[in-house]
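Participant: This is the structure I have questions about; it appears just below.
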Amino acid sequence: LGNLVVPFLLIFGGCISNSWTFAALVRNDPSCGDLLTLVQFAFTALLALPGRLACQRTFPPLSIKTRRYPLSAHTLMAGLYVVTSAINNWAVNFCISVPLHIIIRSGNIFSNVLFGYLLLGRRYTVQQVLGVAALSGGVVCCTLASSSSAIHDCSGAVTCGLGLLEPQSEEGQRLLCWLLGVGLLLVALGINSLLGAYQDRVYSTYGRDSGGETLFYSHALALPVLLINYGPAIEALGRYMSSEDDDGVSLLGITLPSSIVYLILNVLTQYACIRGVYMLIARSNSLTAAVVLAVRKFLSILLNVAFFRLSFTTWHYAGTVLVIVGTITYSLGGTKPASPSSKKKR
């Protein structure tokens with residue numbers, strides 16, 4: 001248990017704080033997704049870089065360590081990861097509350113099971129199927145409960161895709177905007193599961209990564225793609241720096257706009273969260289990881305609902321409990337070996 005103390009602190013401290021700073025940024029500027037994705041990837045790649053450097057006596061004195069995985073595999077994983085992250089951050093443009101954002105992303109087990117069955121030939125126990133059914137029911141329950149409050153949550157002018165949804169818009173337009181947001185999160189869920197299936201194949205071929213190689217390359221290789229569309233990120237940063245309605249926050253004796261402070265805290269906590277998850281996976285079994293992350297998501301939802309006084313009904317709480325119970329039930333179920341026919345195909 002001693003070797004899990006640091007991952008626990010990073011996850012429950014970093015991940016929960018990260019969800020709070022994310023909610024604070026979204027409340028101030030729902031169109032912060034482009035800036036948030038770019039800064040998160042750049043900062044994580046920068047902090048992971050020292051772990052990939054090796055000293056040598058020849059010139060230059062520093063070199064990149066030999067990769068365990070082919071560059072083509074890293075490139076594909078980075079592409080899938082950046083698309084998933086960008087869509088998740090962009091989805092808040094579409095009337096999606098942070099608790100619903102967390103709950104829908106918790107449905108990754110369902111999509112993982114689907115892709116594992118179709119692409120990897122995995123077979124699942126009855127207990128795992130029941131767990132997935134409970135989890136899926138929880139996601140559906142929370143999503144349907146949120147549809148009724150989508151109009152209320154969009155009472156102000158919010159960016160909906162590439163257009164502007166004004167307060168006087170029809171209720172149907174607001175609901176359509178919310179449905180587009182849900183659709184985006186589901187697409188991101190599928191892409192993330194595809195990434196997970198591909199990672200499993202890479203790890204089964206070359207061994208598991210314990211040196212942070214995947215963390216570095218998945219962020220560094222994505223930066224050129226993010227920099228192609230840097231315009232919206234620069235515009236958002238300019239808005240934060242020149243906001244006249246912002247009283248600012250004093251940080252180390254320097255007064256900064258509150259959105260800049262939230263951005264800095266979000267990037268720091270995001271890195272702590274990622275490091276904690278990587279350490280937990282490396283030091284524990286899949287059951288422990290799944291239970292810890294499920295509890296973390298539940299606490300994140302409660303914190304955001306309480307702090308920002310968000311609309312959260314009995315149906316939301318029931319759906320959240322189903323998601324947690326489904327995750328734990330699935331993790332306790334074990335996995336059947338792949339079918340002989342799928343092994344032949346591979």
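To be explicit about the labels: the chains of the structure tokens are called A, B, and onward in the order shown, and within each one the residues are counted from 1, while ligands get numbers from 1 in the order they are shown.
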With a distance cut-off of 8 Å and only C-alpha atoms, select the neighbouring residues of region 214-217 of chain A, excluding the residue or stretch itself and same-chain residues fewer than 3 positions from it, and output the selection as a ChimeraX atom specification.
Facilitator: /A:44-45,48-49,52,74-75,78,209,220-221
Participant: Now that the selection is made, can you save its residues with N, CA, C and O atoms as an mmCIF file, in the first residue's frame?
Facilitator:
data_model
loop_
_atom_site.group_PDB
_atom_site.id
_atom_site.type_symbol
_atom_site.label_atom_id
_atom_site.label_comp_id
_atom_site.auth_asym_id
_atom_site.auth_seq_id
_atom_site.Cartn_x
_atom_site.Cartn_y
_atom_site.Cartn_z
ATOM 1 N N THR A 44 2.839 19.433 -20.759
ATOM 2 C CA THR A 44 3.114 18.035 -20.432
ATOM 3 C C THR A 44 4.327 17.519 -21.206
ATOM 4 O O THR A 44 5.175 16.813 -20.640
ATOM 5 N N ALA A 45 4.435 17.880 -22.492
ATOM 6 C CA ALA A 45 5.596 17.460 -23.288
ATOM 7 C C ALA A 45 6.879 18.049 -22.716
ATOM 8 O O ALA A 45 7.920 17.369 -22.656
ATOM 9 N N ALA A 48 7.814 16.211 -19.503
ATOM 10 C CA ALA A 48 8.200 14.810 -19.750
ATOM 11 C C ALA A 48 9.508 14.694 -20.517
ATOM 12 O O ALA A 48 10.108 13.608 -20.562
ATOM 13 N N LEU A 49 9.982 15.807 -21.113
ATOM 14 C CA LEU A 49 11.198 15.770 -21.930
ATOM 15 C C LEU A 49 12.442 15.333 -21.165
ATOM 16 O O LEU A 49 13.217 14.496 -21.667
ATOM 17 N N ARG A 52 13.301 11.735 -21.122
ATOM 18 C CA ARG A 52 13.646 11.091 -22.393
ATOM 19 C C ARG A 52 15.039 11.468 -22.867
ATOM 20 O O ARG A 52 15.467 11.055 -23.953
ATOM 21 N N HIS A 74 3.912 5.565 -32.242
ATOM 22 C CA HIS A 74 3.761 6.781 -31.446
ATOM 23 C C HIS A 74 2.949 7.827 -32.193
ATOM 24 O O HIS A 74 2.122 8.531 -31.609
ATOM 25 N N THR A 75 3.188 7.948 -33.490
ATOM 26 C CA THR A 75 2.482 8.962 -34.289
ATOM 27 C C THR A 75 0.987 8.680 -34.325
ATOM 28 O O THR A 75 0.168 9.596 -34.162
ATOM 29 N N ALA A 78 -0.481 9.328 -30.866
ATOM 30 C CA ALA A 78 -0.561 10.763 -30.607
ATOM 31 C C ALA A 78 -1.712 11.392 -31.381
ATOM 32 O O ALA A 78 -2.427 12.264 -30.863
ATOM 33 N N ASP A 209 5.109 0.164 -21.216
ATOM 34 C CA ASP A 209 5.945 1.343 -21.042
ATOM 35 C C ASP A 209 6.015 1.716 -19.573
ATOM 36 O O ASP A 209 4.994 1.964 -18.937
ATOM 37 N N ALA A 220 4.194 15.398 -27.450
ATOM 38 C CA ALA A 220 5.132 16.143 -28.294
ATOM 39 C C ALA A 220 4.771 16.041 -29.773
ATOM 40 O O ALA A 220 4.818 17.032 -30.514
ATOM 41 N N LEU A 221 4.410 14.853 -30.237
ATOM 42 C CA LEU A 221 4.089 14.673 -31.653
ATOM 43 C C LEU A 221 2.783 15.341 -32.041
ATOM 44 O O LEU A 221 2.535 15.597 -33.224
#
Participant: Which polymer residues have any atom within 10 Å of an atom of Phe298 (chain A), counting only C-alpha atoms, with same-chain residues fewer than 4 positions away left out, as a VMD selection string?
Facilitator: chain A and resid 16 99 102 to 103 106 293 to 294 302 to 303 317 320 to 321 323 to 324
Participant: Just write the chosen residues, C-alpha atoms, as an mmCIF file, in the first residue's frame.
Facilitator:
data_model
loop_
_atom_site.group_PDB
_atom_site.id
_atom_site.type_symbol
_atom_site.label_atom_id
_atom_site.label_comp_id
_atom_site.auth_asym_id
_atom_site.auth_seq_id
_atom_site.Cartn_x
_atom_site.Cartn_y
_atom_site.Cartn_z
ATOM 1 C CA ILE A 16 -10.231 16.546 -8.661
ATOM 2 C CA PRO A 99 -20.715 16.919 -14.319
ATOM 3 C CA ILE A 102 -17.424 13.658 -16.564
ATOM 4 C CA ILE A 103 -20.296 11.136 -16.558
ATOM 5 C CA SER A 106 -17.041 7.513 -17.690
ATOM 6 C CA LEU A 293 -10.636 6.387 -10.857
ATOM 7 C CA ALA A 294 -14.365 5.715 -10.452
ATOM 8 C CA LEU A 302 -19.993 16.251 -6.143
ATOM 9 C CA LEU A 303 -17.387 19.014 -5.796
ATOM 10 C CA TYR A 317 -27.368 11.006 -8.532
ATOM 11 C CA THR A 320 -23.887 8.497 -11.127
ATOM 12 C CA VAL A 321 -24.259 5.620 -8.637
ATOM 13 C CA VAL A 323 -21.850 4.378 -13.287
ATOM 14 C CA ILE A 324 -19.744 3.727 -10.162
#
Participant: Can you pull out every residue within 8 Å of Gly190 (chain A), counting only C-alpha atoms, but drop anything in the same chain fewer than 3 positions away, and send it as a ChimeraX atom specification?
Facilitator: /A:108,111,186-187,193-194
Participant: With C-alpha atoms retained, could you export that selection as a PDB file, in the first residue's frame?
Facilitator:
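Once everything was written out, this is result.pdb:
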ATOM      1  CA  ASN A 108     -15.458   4.442 -21.821  1.00  0.00           C
ATOM      2  CA  SER A 111     -16.873   1.416 -25.832  1.00  0.00           C
ATOM      3  CA  LEU A 186     -19.723  10.004 -27.775  1.00  0.00           C
ATOM      4  CA  VAL A 187     -17.471  10.337 -30.833  1.00  0.00           C
ATOM      5  CA  SER A 193     -11.460   3.236 -27.102  1.00  0.00           C
ATOM      6  CA  LEU A 194      -9.860   2.738 -30.508  1.00  0.00           C
TER       7      LEU A 194
END
Participant: Counting only C-alpha atoms, what is within 9 Å of Arg105 (chain A), bar same-chain residues fewer than 6 positions away, as a ChimeraX atom specification?
Facilitator: /A:88,139,185-186,188-189
Participant: I need the residues from that last selection saved to file as a PDB file, in the first residue's frame (with N, CA and C atoms), if you can.
Facilitator:
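Output (selection37.pdb):
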ATOM      1  N   ASN A  88     -13.081  16.589 -26.595  1.00  0.00           N
ATOM      2  CA  ASN A  88     -13.582  16.689 -25.226  1.00  0.00           C
ATOM      3  C   ASN A  88     -13.565  18.133 -24.723  1.00  0.00           C
ATOM      4  N   VAL A 139     -25.162   6.274 -17.573  1.00  0.00           N
ATOM      5  CA  VAL A 139     -24.836   7.352 -18.510  1.00  0.00           C
ATOM      6  C   VAL A 139     -26.099   7.849 -19.212  1.00  0.00           C
ATOM      7  N   LEU A 185     -19.092  14.150 -27.537  1.00  0.00           N
ATOM      8  CA  LEU A 185     -18.500  13.366 -26.455  1.00  0.00           C
ATOM      9  C   LEU A 185     -18.545  11.872 -26.763  1.00  0.00           C
ATOM     10  N   LEU A 186     -19.629  11.421 -27.409  1.00  0.00           N
ATOM     11  CA  LEU A 186     -19.723  10.004 -27.775  1.00  0.00           C
ATOM     12  C   LEU A 186     -18.705   9.646 -28.853  1.00  0.00           C
ATOM     13  N   ALA A 188     -15.804  11.159 -29.262  1.00  0.00           N
ATOM     14  CA  ALA A 188     -14.518  11.134 -28.554  1.00  0.00           C
ATOM     15  C   ALA A 188     -14.354   9.839 -27.764  1.00  0.00           C
ATOM     16  N   LEU A 189     -15.460   9.333 -27.219  1.00  0.00           N
ATOM     17  CA  LEU A 189     -15.432   8.083 -26.469  1.00  0.00           C
ATOM     18  C   LEU A 189     -15.008   6.927 -27.369  1.00  0.00           C
TER      19      LEU A 189
END
Participant: For Tyr69 (chain A), which residue among A:His316, A:Arg296, A:Arg208, A:Arg275 is the nearest when counting only C-alpha atoms?
Facilitator: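 Of the candidates, the smallest distance to Tyr69 (chain A) is held by A:Arg208.
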